[in-house]
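One structure below.
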Amino acid sequence: MRLDRNQEKAVNHVTGPAIVIAGPGSGKTTVVTARILNLIQTHNIPPSQILAIAFNRKAVEEMETRILQRLTASATETSEKPVIRTLHAFGKDLITENHKRAGFNHNPEIWSGQIDQIIADERKQIEHKIATTEVAIYKIQHKSTGKCYIGQTTNPDRRRKEHFSNSSNDRLRQAIKSAGETQFSFEVIEWISGREANRREAHWITYYRDSGDVFNRADPMRVQYNNQLLLEMFCQHFGIPYEAHLDTHPDFENLRDRFDGIKETVMRAKRQVITGLFDPKTLTDRVARAFAEKYEARKTEANAVDFEDMIIYAAYLLETCPDLRQTYRDKYPYLLVDEFQDIAPADFRLIELLSENLFAVGDDDQAIYGFRGGNSEIMLKFTDRKDVAKYEITRNYRSTSTIVEHARALIERNAPRIRKDLRAYNPMQQHIKTVQTTPETAAAALLRELKSSQETAVLARTNYETDQIQAMLTNHATTPEVTTIHKSKGREWEKVILIHNTLERQFPRRNSELTEERRVFYVAMTRAKTELVVLGGRCPFVPEFEKIRKNLGYCLRQFAYWRARRKRKKEEM
């Protein structure tokens with residue numbers, strides 16, 4: 001296994017905490033694999049004393065294959081091999097082996113898709129309540145002008161007070177403020193079932209609009225159920241006290257959409273647990289908190305753990321059982337963690353308890369899982385520790401010099417970040433093509449670029465966009481791979497076509513941090529070996545890396561880089 005000088009330094013690290021600061025295409029997995037082999041073959045460390053943590057099952061399989069291929073025949077004969085796991089799988093093993101100490105009567109059931117079923121059941125119950133509850137269609141009317149507002153509620157008295165104190169309808173609110181509350185009457189027109197409420201509200205809005213005027217603007221039929229009715233049923237279902245003007249409270253905006261994302265809200269909160277067990281009361285979102293309390297209670301009754309519990313309970317066991325913690329530290333005195341930039345606080349809690357010989361490898365510039373609870377600041381803080389040995393592998397063996405320099409120009413705008421001397425092994429200069437496209441021209445531009453015979457990937461920010469792209473290519477014989485940027489991480493292609501801001505979705509996403517969105521764009525750029533094509537509409541990241549073409553500093557850096565490279569080659573000879 002050939003290594004460059006910086007890779008060798010990292011591989012030869014033996015004991016004590018260490019961080020390997022890596023760049024894209026720099027051989028992160030190679031370094032982890034080589035260090036494991038070095039510990040076994042050079043320092044005679046029994047393979048079973050080495051624990052390697054990889055980001056996903058695919059990475060585990062790749063690492064296992066590489067190591068088993070290179071282990072000496074004598075080591076293979078002993079049937080010993082390093083323990084390579086995802087962190088969740090390791091946590092599961094730890095809990096299973098010590099389930100009674102973790103508070104379980106027997107081996108806990110592993111829940112995977114059960115939360116999705118519970119969410120679906122909760123949604124059905126809420127929708128049934130909405131459909132069958134008695135709803136009042138009411139009218140608030142100006143006594144002199146006859147202008148009125150039509151609404152619906154399960155509690156007319158409360159809703160009347162809300163409107164007269166501070167109506168959620170801006171036109172009605174201004175009219176009441178101007179004319180005074182006494183100039184308006186409140187009347188329940190009829191009581192009907194929730195499933196009929198929108199239709200009847202729309203009927204009465206039309207009726208009063210024809211005979212005079214109404215304050216209403218929105219069409220009730222645009223959604224299945226009125227937001228006010230949804231709010232009242234959510235509060236009733238989850239036992240949440242209904243406060244005055246709750247319909248204008250930010251915690252209860254877009255309830256239907258937010259309930260669709262409630263699984264991720266709960267799981268993201270669990271990834272932040274750094275002491276004890278998960279407590280649903282820590283959730284600030286009241287609907288998510290109420291749901292989490294019901295979900296956790298059902299899980300406890302079933303003697304089960306979910307995906308994130310595997311980390312939380314494992315860490316809790318090691319924290320509360322010093323003898324057990326020492327047992328595992330003695331069992332695995334050497335711990336290696338790949339993709340260190342993507343770990344969440346709960347992950348680091350477990351990792352830190354396992355070994356003082358933590359050898360972590362990562363690239364904070366490729367930290368793109370913040371939406372799932374990943375926190376690149378953990379890597380930054382670990383790097384700053386005085387007791388941690390630091391190694392840097394930043395020579396890119398994947399991409400051309402052009403791609404590396406342009407990607408570097410983009411990512412160096414981020415802060416805070418660990419500064420790196422990113423450089424390419426391949427000196428090839430090749431123009432990065434940027435093409436302005438619209439929804440109408442995107443398909444033609446994409447098909448033109450797919451005519452090349454190179455191994456090609458089409459990358460986009462979201463699953464929605466990849467579905468759109470697949471539809472574009474349905475009637476064309478192309479050799480697809482089409483995937484999201486997140487799924488492309490750790491992979492590479494000769495040619496990469498990045499599509500952005502042309503298929504309705506925005507890049508950067510409005511609800512994400514700009515620094516993380518820039519990292520996502522950076523990951524996409526650095527998947528390409530020789531050719532990078534960027535198709536799309538307006539995006540702030542494109543001019544950020546394009547400016548390098550006009551920048552004198554780029555030329556100077558290139559000159560300095562090649563001079564330094566020639567010098568290093570002479571020294572190595």
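In the structure tokens, each chain is lettered A, B, ... as it comes, each chain's residues begin at 1, and ligands are numbered from 1 in order of appearance.
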
Identify all residues of region 41-112 of chain A in helix (DSSP H, G or I) (DSSP on the backbone) and supply them as a PyMOL selection string. chain A and resi 41+47-49+57-70+73-77+87-97

Next, the residues of the selection above should be written as a PDB file, in the first residue's frame with C-alpha atoms.
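part20.pdb, written as the output of this step:
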ATOM      1  CA  GLN A  41       1.796  -6.127  11.666  1.00  0.00           C
ATOM      2  CA  PRO A  47      -6.614  -7.560  15.845  1.00  0.00           C
ATOM      3  CA  SER A  48      -9.451  -8.138  18.316  1.00  0.00           C
ATOM      4  CA  GLN A  49      -8.224  -5.187  20.409  1.00  0.00           C
ATOM      5  CA  ARG A  57     -22.689  -0.287   6.431  1.00  0.00           C
ATOM      6  CA  LYS A  58     -21.186   0.231   3.002  1.00  0.00           C
ATOM      7  CA  ALA A  59     -18.113   1.878   4.532  1.00  0.00           C
ATOM      8  CA  VAL A  60     -17.863  -0.983   7.032  1.00  0.00           C
ATOM      9  CA  GLU A  61     -17.907  -3.553   4.237  1.00  0.00           C
ATOM     10  CA  GLU A  62     -15.300  -1.652   2.216  1.00  0.00           C
ATOM     11  CA  MET A  63     -12.964  -1.353   5.194  1.00  0.00           C
ATOM     12  CA  GLU A  64     -13.390  -5.029   6.114  1.00  0.00           C
ATOM     13  CA  THR A  65     -12.622  -6.104   2.546  1.00  0.00           C
ATOM     14  CA  ARG A  66      -9.469  -3.986   2.355  1.00  0.00           C
ATOM     15  CA  ILE A  67      -8.136  -5.215   5.702  1.00  0.00           C
ATOM     16  CA  LEU A  68      -8.883  -8.896   5.179  1.00  0.00           C
ATOM     17  CA  GLN A  69      -7.175  -8.782   1.789  1.00  0.00           C
ATOM     18  CA  ARG A  70      -3.993  -7.434   3.358  1.00  0.00           C
ATOM     19  CA  ALA A  73      -1.639 -15.468   6.465  1.00  0.00           C
ATOM     20  CA  SER A  74      -0.687 -16.111  10.081  1.00  0.00           C
ATOM     21  CA  ALA A  75      -3.159 -13.553  11.379  1.00  0.00           C
ATOM     22  CA  THR A  76      -5.868 -15.022   9.184  1.00  0.00           C
ATOM     23  CA  GLU A  77      -5.202 -18.498  10.573  1.00  0.00           C
ATOM     24  CA  LEU A  87     -21.491   3.296  15.864  1.00  0.00           C
ATOM     25  CA  HIS A  88     -25.157   2.289  16.072  1.00  0.00           C
ATOM     26  CA  ALA A  89     -24.356  -1.378  15.524  1.00  0.00           C
ATOM     27  CA  PHE A  90     -21.688  -1.228  18.223  1.00  0.00           C
ATOM     28  CA  GLY A  91     -24.132   0.445  20.604  1.00  0.00           C
ATOM     29  CA  LYS A  92     -26.697  -2.254  19.886  1.00  0.00           C
ATOM     30  CA  ASP A  93     -24.137  -4.974  20.707  1.00  0.00           C
ATOM     31  CA  LEU A  94     -23.219  -3.259  23.961  1.00  0.00           C
ATOM     32  CA  ILE A  95     -26.863  -2.925  25.046  1.00  0.00           C
ATOM     33  CA  THR A  96     -27.701  -6.518  24.062  1.00  0.00           C
ATOM     34  CA  GLU A  97     -24.772  -7.906  26.033  1.00  0.00           C
TER      35      GLU A  97
END

I'd like the neighbourhood of Thr42 (chain A) as a list in words, where a residue qualifies if any of its atoms comes within 12 Å (using only C-alpha atoms), though same-chain residues fewer than 5 positions away should be ignored.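 Selected residues are Val11, Asn12, His13, Val14, Ala34, Arg35, Ile36, Leu37, Pro47, Leu71 and Thr72 of chain A.
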
Two-atom distance - CA of Asp306 (chain A), CA of Ile50 (chain A) (Å):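 Taking CA of Asp306 (chain A) as the start and CA of Ile50 (chain A) as the end point, the length is 26.6 Å.
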
Pick from A:Asn254, A:Gln326, A:Asn38, A:Thr484, whichever lies nearest to Lys9 (chain A) using only C-alpha atoms: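 When distances to Lys9 (chain A) are compared using only C-alpha atoms, the smallest one comes from A:Asn38.
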
Distance of CA of Arg325 (chain A) from CA of Arg349 (chain A), expressed in Å to one decimal place: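 Value for the CA of Arg349 (chain A)-CA of Arg325 (chain A) distance: 12.7 Å.
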
Using only C-alpha atoms, which of A:Ile21, A:Arg408, A:Asn501, A:Tyr328 sits nearest Phe340 (chain A)?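 Ranked by minimum distance to Phe340 (chain A), first place goes to A:Ile21.
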
Between A:Asp338, A:Glu405, A:Asp309, A:Glu440, single out the one closest to Arg423 (chain A), counting only C-alpha atoms. A:Glu405

Choose the residue, out of A:Val273, A:Leu336, A:Ile368, A:Val458, that has the smallest atom-to-atom separation from Thr15 (chain A); count only C-alpha atoms.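 The shortest atom-to-atom distance to Thr15 (chain A) comes from A:Leu336.
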